[in-house]
Amino acid sequence: MISSAIVREIETETGFRVLPSSGKSVSGGCIHQSAIFETEGAGSLFVKQNNSEALQLFETEFRSLGWLASTETIRVPRPLHFGEIGGTAYLVLEALSLYNRSDSDSSRKMGQALARLHSAADDRFGDDRFGDDRFGADYDNFIGATPQPNPWTESWADFFTKHRLEHMFQLAAKRGKLFQDEGRLLGAVHRHLSSLDISPSLLHGDFWGGNASFDMNGDPVLFDPASYMGDREADIAFTRVFGGFGPGFYEAYRETFPEPEPIRETVYNLYHILNHFVLFGGGYGDQADTMIREIMGSR
């Protein structure tokens, strides 16, 4: 349960008065404790807490939500405050009532909203947050609980091969897994991405069905981001891994952006499968091996 010390700190930092005995424990991912609190005249608050080691994770989630919100293209929980007290880190967000929807109209709304998000940087180059036509972010963040480096980089091919695939191969090696043809794969991926004309888009970064929903008005909502400037197709690719998006989503998105070649999807999803191996081990290593063979066979 969220401690009373954190509740008092939230009141001090936000100026909201939390109603007594209003804390209700809810699910908030597999690694945090979470609760919803009611306030006097300021709506509901969603509060996550964990040990002090989670402070950086909460800070980067706070910053990513603020970045997404600044585009005014799709709704996210408004980030309100993060901090640490008594060895416990916490994050305070606007609490939203969320509803799962699977109808075609809702799927189309999600596809249209994501396309708007991915287009948001087009008119914002020169704003430091959008990298001035570079890839990366002002800060490193996390994909799940795995550190995700985001140094500003001129070339998408350089960024993705070094700071996504090579980074994850190094973490997998620490877990005891070495992948055959790793060096040749990185070279092939770099050559392939270098051949494409890719402009930076602001990504959610961890875009799967569990991190997307709808509010009471049926409007799309995104949460738990791992945002950076990258190839928009990296977001779309991950939607295929665990499902949750109907045909209308893809049809609506493709009204704005064209269909890429299929191998690009495999290249981008290799990063996420490698991350799942780093986090959970098991059959994800074999799945990554299969994907590597598929990518190499296409070159």
# chains A, B, ... in the order shown; residues from 1 in each chain; ligands from 1

$ residues_around --residues "region 117-131 of chain A" --least-positions-apart "5" --cutoff "10 Å" --atoms "only C-alpha atoms" --output "MDAnalysis selection string"
chainID A and resid 67:74 111:112 136:139 152:154 199:204 228:233 235 256:257

$ write_last_selection --atoms "N, CA and C atoms" --output "short mmCIF file (atom, residue, chain, number, x, y, z; two decimals), in the first residue's frame"
data_model
loop_
_atom_site.label_atom_id
_atom_site.label_comp_id
_atom_site.auth_asym_id
_atom_site.auth_seq_id
_atom_site.Cartn_x
_atom_site.Cartn_y
_atom_site.Cartn_z
N TRP A 67 6.41 14.57 -22.89
CA TRP A 67 6.80 14.75 -24.29
C TRP A 67 5.63 14.39 -25.21
N LEU A 68 5.02 13.23 -24.97
CA LEU A 68 3.88 12.83 -25.78
C LEU A 68 2.74 13.83 -25.65
N ALA A 69 2.47 14.28 -24.43
CA ALA A 69 1.36 15.21 -24.20
C ALA A 69 1.60 16.53 -24.93
N SER A 70 2.86 16.94 -25.07
CA SER A 70 3.16 18.23 -25.68
C SER A 70 2.77 18.28 -27.15
N THR A 71 2.61 17.13 -27.79
CA THR A 71 2.24 17.10 -29.21
C THR A 71 0.75 17.36 -29.43
N GLU A 72 -0.05 17.18 -28.37
CA GLU A 72 -1.51 17.36 -28.45
C GLU A 72 -2.13 16.52 -29.57
N THR A 73 -1.59 15.31 -29.75
CA THR A 73 -2.09 14.42 -30.80
C THR A 73 -2.87 13.23 -30.25
N ILE A 74 -2.59 12.83 -29.02
CA ILE A 74 -3.23 11.67 -28.44
C ILE A 74 -3.19 11.82 -26.91
N GLY A 111 -5.45 4.05 -34.83
CA GLY A 111 -4.53 4.17 -35.95
C GLY A 111 -4.35 5.61 -36.40
N GLN A 112 -5.43 6.36 -36.44
CA GLN A 112 -5.36 7.77 -36.84
C GLN A 112 -4.59 8.59 -35.81
N GLY A 136 17.01 9.78 -31.27
CA GLY A 136 17.38 9.62 -29.87
C GLY A 136 16.49 10.45 -28.98
N ALA A 137 17.05 10.94 -27.88
CA ALA A 137 16.28 11.74 -26.93
C ALA A 137 17.24 12.52 -26.05
N ASP A 138 16.68 13.44 -25.26
CA ASP A 138 17.49 14.22 -24.31
C ASP A 138 17.93 13.38 -23.11
N TYR A 139 17.39 12.19 -22.98
CA TYR A 139 17.64 11.37 -21.80
C TYR A 139 17.56 9.89 -22.19
N TRP A 152 21.70 11.36 -28.93
CA TRP A 152 21.34 11.96 -30.20
C TRP A 152 22.32 11.50 -31.28
N THR A 153 21.76 11.01 -32.40
CA THR A 153 22.56 10.40 -33.46
C THR A 153 22.03 10.86 -34.81
N GLU A 154 22.92 11.22 -35.72
CA GLU A 154 22.50 11.73 -37.02
C GLU A 154 21.87 10.65 -37.89
N SER A 199 12.78 9.54 -41.75
CA SER A 199 12.76 10.78 -40.99
C SER A 199 12.40 10.47 -39.54
N PRO A 200 12.95 11.21 -38.58
CA PRO A 200 12.65 10.93 -37.17
C PRO A 200 11.19 11.25 -36.82
N SER A 201 10.57 10.33 -36.10
CA SER A 201 9.23 10.52 -35.55
C SER A 201 9.30 10.30 -34.05
N LEU A 202 8.44 10.99 -33.31
CA LEU A 202 8.34 10.73 -31.88
C LEU A 202 7.59 9.43 -31.67
N LEU A 203 8.23 8.46 -31.04
CA LEU A 203 7.65 7.14 -30.82
C LEU A 203 7.14 7.00 -29.39
N HIS A 204 6.10 6.16 -29.24
CA HIS A 204 5.74 5.71 -27.90
C HIS A 204 6.88 4.87 -27.36
N TYR A 228 11.31 8.05 -27.72
CA TYR A 228 12.50 8.60 -28.34
C TYR A 228 12.15 8.93 -29.78
N MET A 229 13.04 9.62 -30.48
CA MET A 229 12.85 9.92 -31.89
C MET A 229 13.45 8.77 -32.70
N GLY A 230 12.61 8.13 -33.52
CA GLY A 230 13.08 6.99 -34.29
C GLY A 230 12.22 6.77 -35.52
N ASP A 231 12.38 5.62 -36.14
CA ASP A 231 11.57 5.25 -37.30
C ASP A 231 10.18 4.87 -36.80
N ARG A 232 9.14 5.53 -37.32
CA ARG A 232 7.76 5.27 -36.91
C ARG A 232 7.39 3.80 -37.04
N GLU A 233 8.04 3.08 -37.99
CA GLU A 233 7.70 1.67 -38.19
C GLU A 233 8.13 0.80 -37.02
N ASP A 235 7.35 1.44 -33.92
CA ASP A 235 6.13 1.35 -33.12
C ASP A 235 5.15 0.35 -33.75
N THR A 256 -2.18 7.39 -43.88
CA THR A 256 -1.18 8.46 -43.75
C THR A 256 0.19 8.01 -44.20
N PHE A 257 0.57 6.78 -43.86
CA PHE A 257 1.92 6.29 -44.15
C PHE A 257 1.86 4.99 -44.97
#

$ residues_around --residues "Phe62 (chain A)" --least-positions-apart "4" --cutoff "9 Å" --atoms "only C-alpha atoms" --output "JSON, numbers by chain"
{"A": [57, 58, 66, 67, 78, 79, 80, 81, 82, 91, 92, 93]}

$ closest_residue --among "A:Phe37, A:Tyr90, A:Trp208, A:Phe238" --to "Ser25 (chain A)" --atoms "only C-alpha atoms"
A:Phe37

$ closest_residue --among "A:Ala157, A:Leu279, A:Ala35, A:Ala234" --to "Thr266 (chain A)" --atoms "only C-alpha atoms"
A:Ala234

$ atom_distance --atom1 "CA of Asn50 (chain A)" --atom2 "CA of Gly243 (chain A)"
28.8 Å

$ select_by_dssp --residues "region 10-211 of chain A" --states "strand (DSSP E or B)" --output "MDAnalysis selection string"
chainID A and resid 18 24:26 33:39 44:51 75 79:85 88:94 99 135:136 141:143 146:148 153 201:203

$ residues_around --residues "region 293-298 of chain A" --least-positions-apart "3" --cutoff "9 Å" --atoms "only C-alpha atoms" --output "ChimeraX atom specification"
/A:181,184-185,188-189,263-264,266-267,288-290

$ residues_around --residues "Tyr253 (chain A)" --least-positions-apart "4" --cutoff "10 Å" --atoms "only C-alpha atoms" --output "list in words"
Ser107, Arg108, Lys109, Met110, Gly111, Gln112, Ala113, Leu114, Ala115, Arg116, Ile236, Gly248, Phe249, Phe257, Pro258 and Glu259 of chain A

$ write_last_selection --atoms "C-alpha atoms" --output "compact mmCIF listing (two decimals), in the first residue's frame"
# COMPACT_ATOMS: atom_id res chain seq x y z
CA SER A 107 -9.38 0.59 -33.95
CA ARG A 108 -9.46 3.24 -36.65
CA LYS A 109 -9.32 6.02 -34.06
CA MET A 110 -6.21 4.47 -32.53
CA GLY A 111 -4.53 4.17 -35.95
CA GLN A 112 -5.36 7.77 -36.84
CA ALA A 113 -4.13 9.06 -33.47
CA LEU A 114 -0.83 7.18 -33.75
CA ALA A 115 -0.31 8.57 -37.26
CA ARG A 116 -0.85 12.08 -35.86
CA ILE A 236 3.98 -0.41 -35.73
CA GLY A 248 -9.05 -1.03 -38.79
CA PHE A 249 -6.01 0.20 -36.85
CA PHE A 257 1.92 6.29 -44.15
CA PRO A 258 2.77 3.59 -46.73
CA GLU A 259 3.29 -0.12 -46.07

$ select_by_dssp --residues "region 6-165 of chain A" --states "alpha helix (DSSP H)" --output "MDAnalysis selection string"
chainID A and resid 6:14 55:70 104:119 156:160
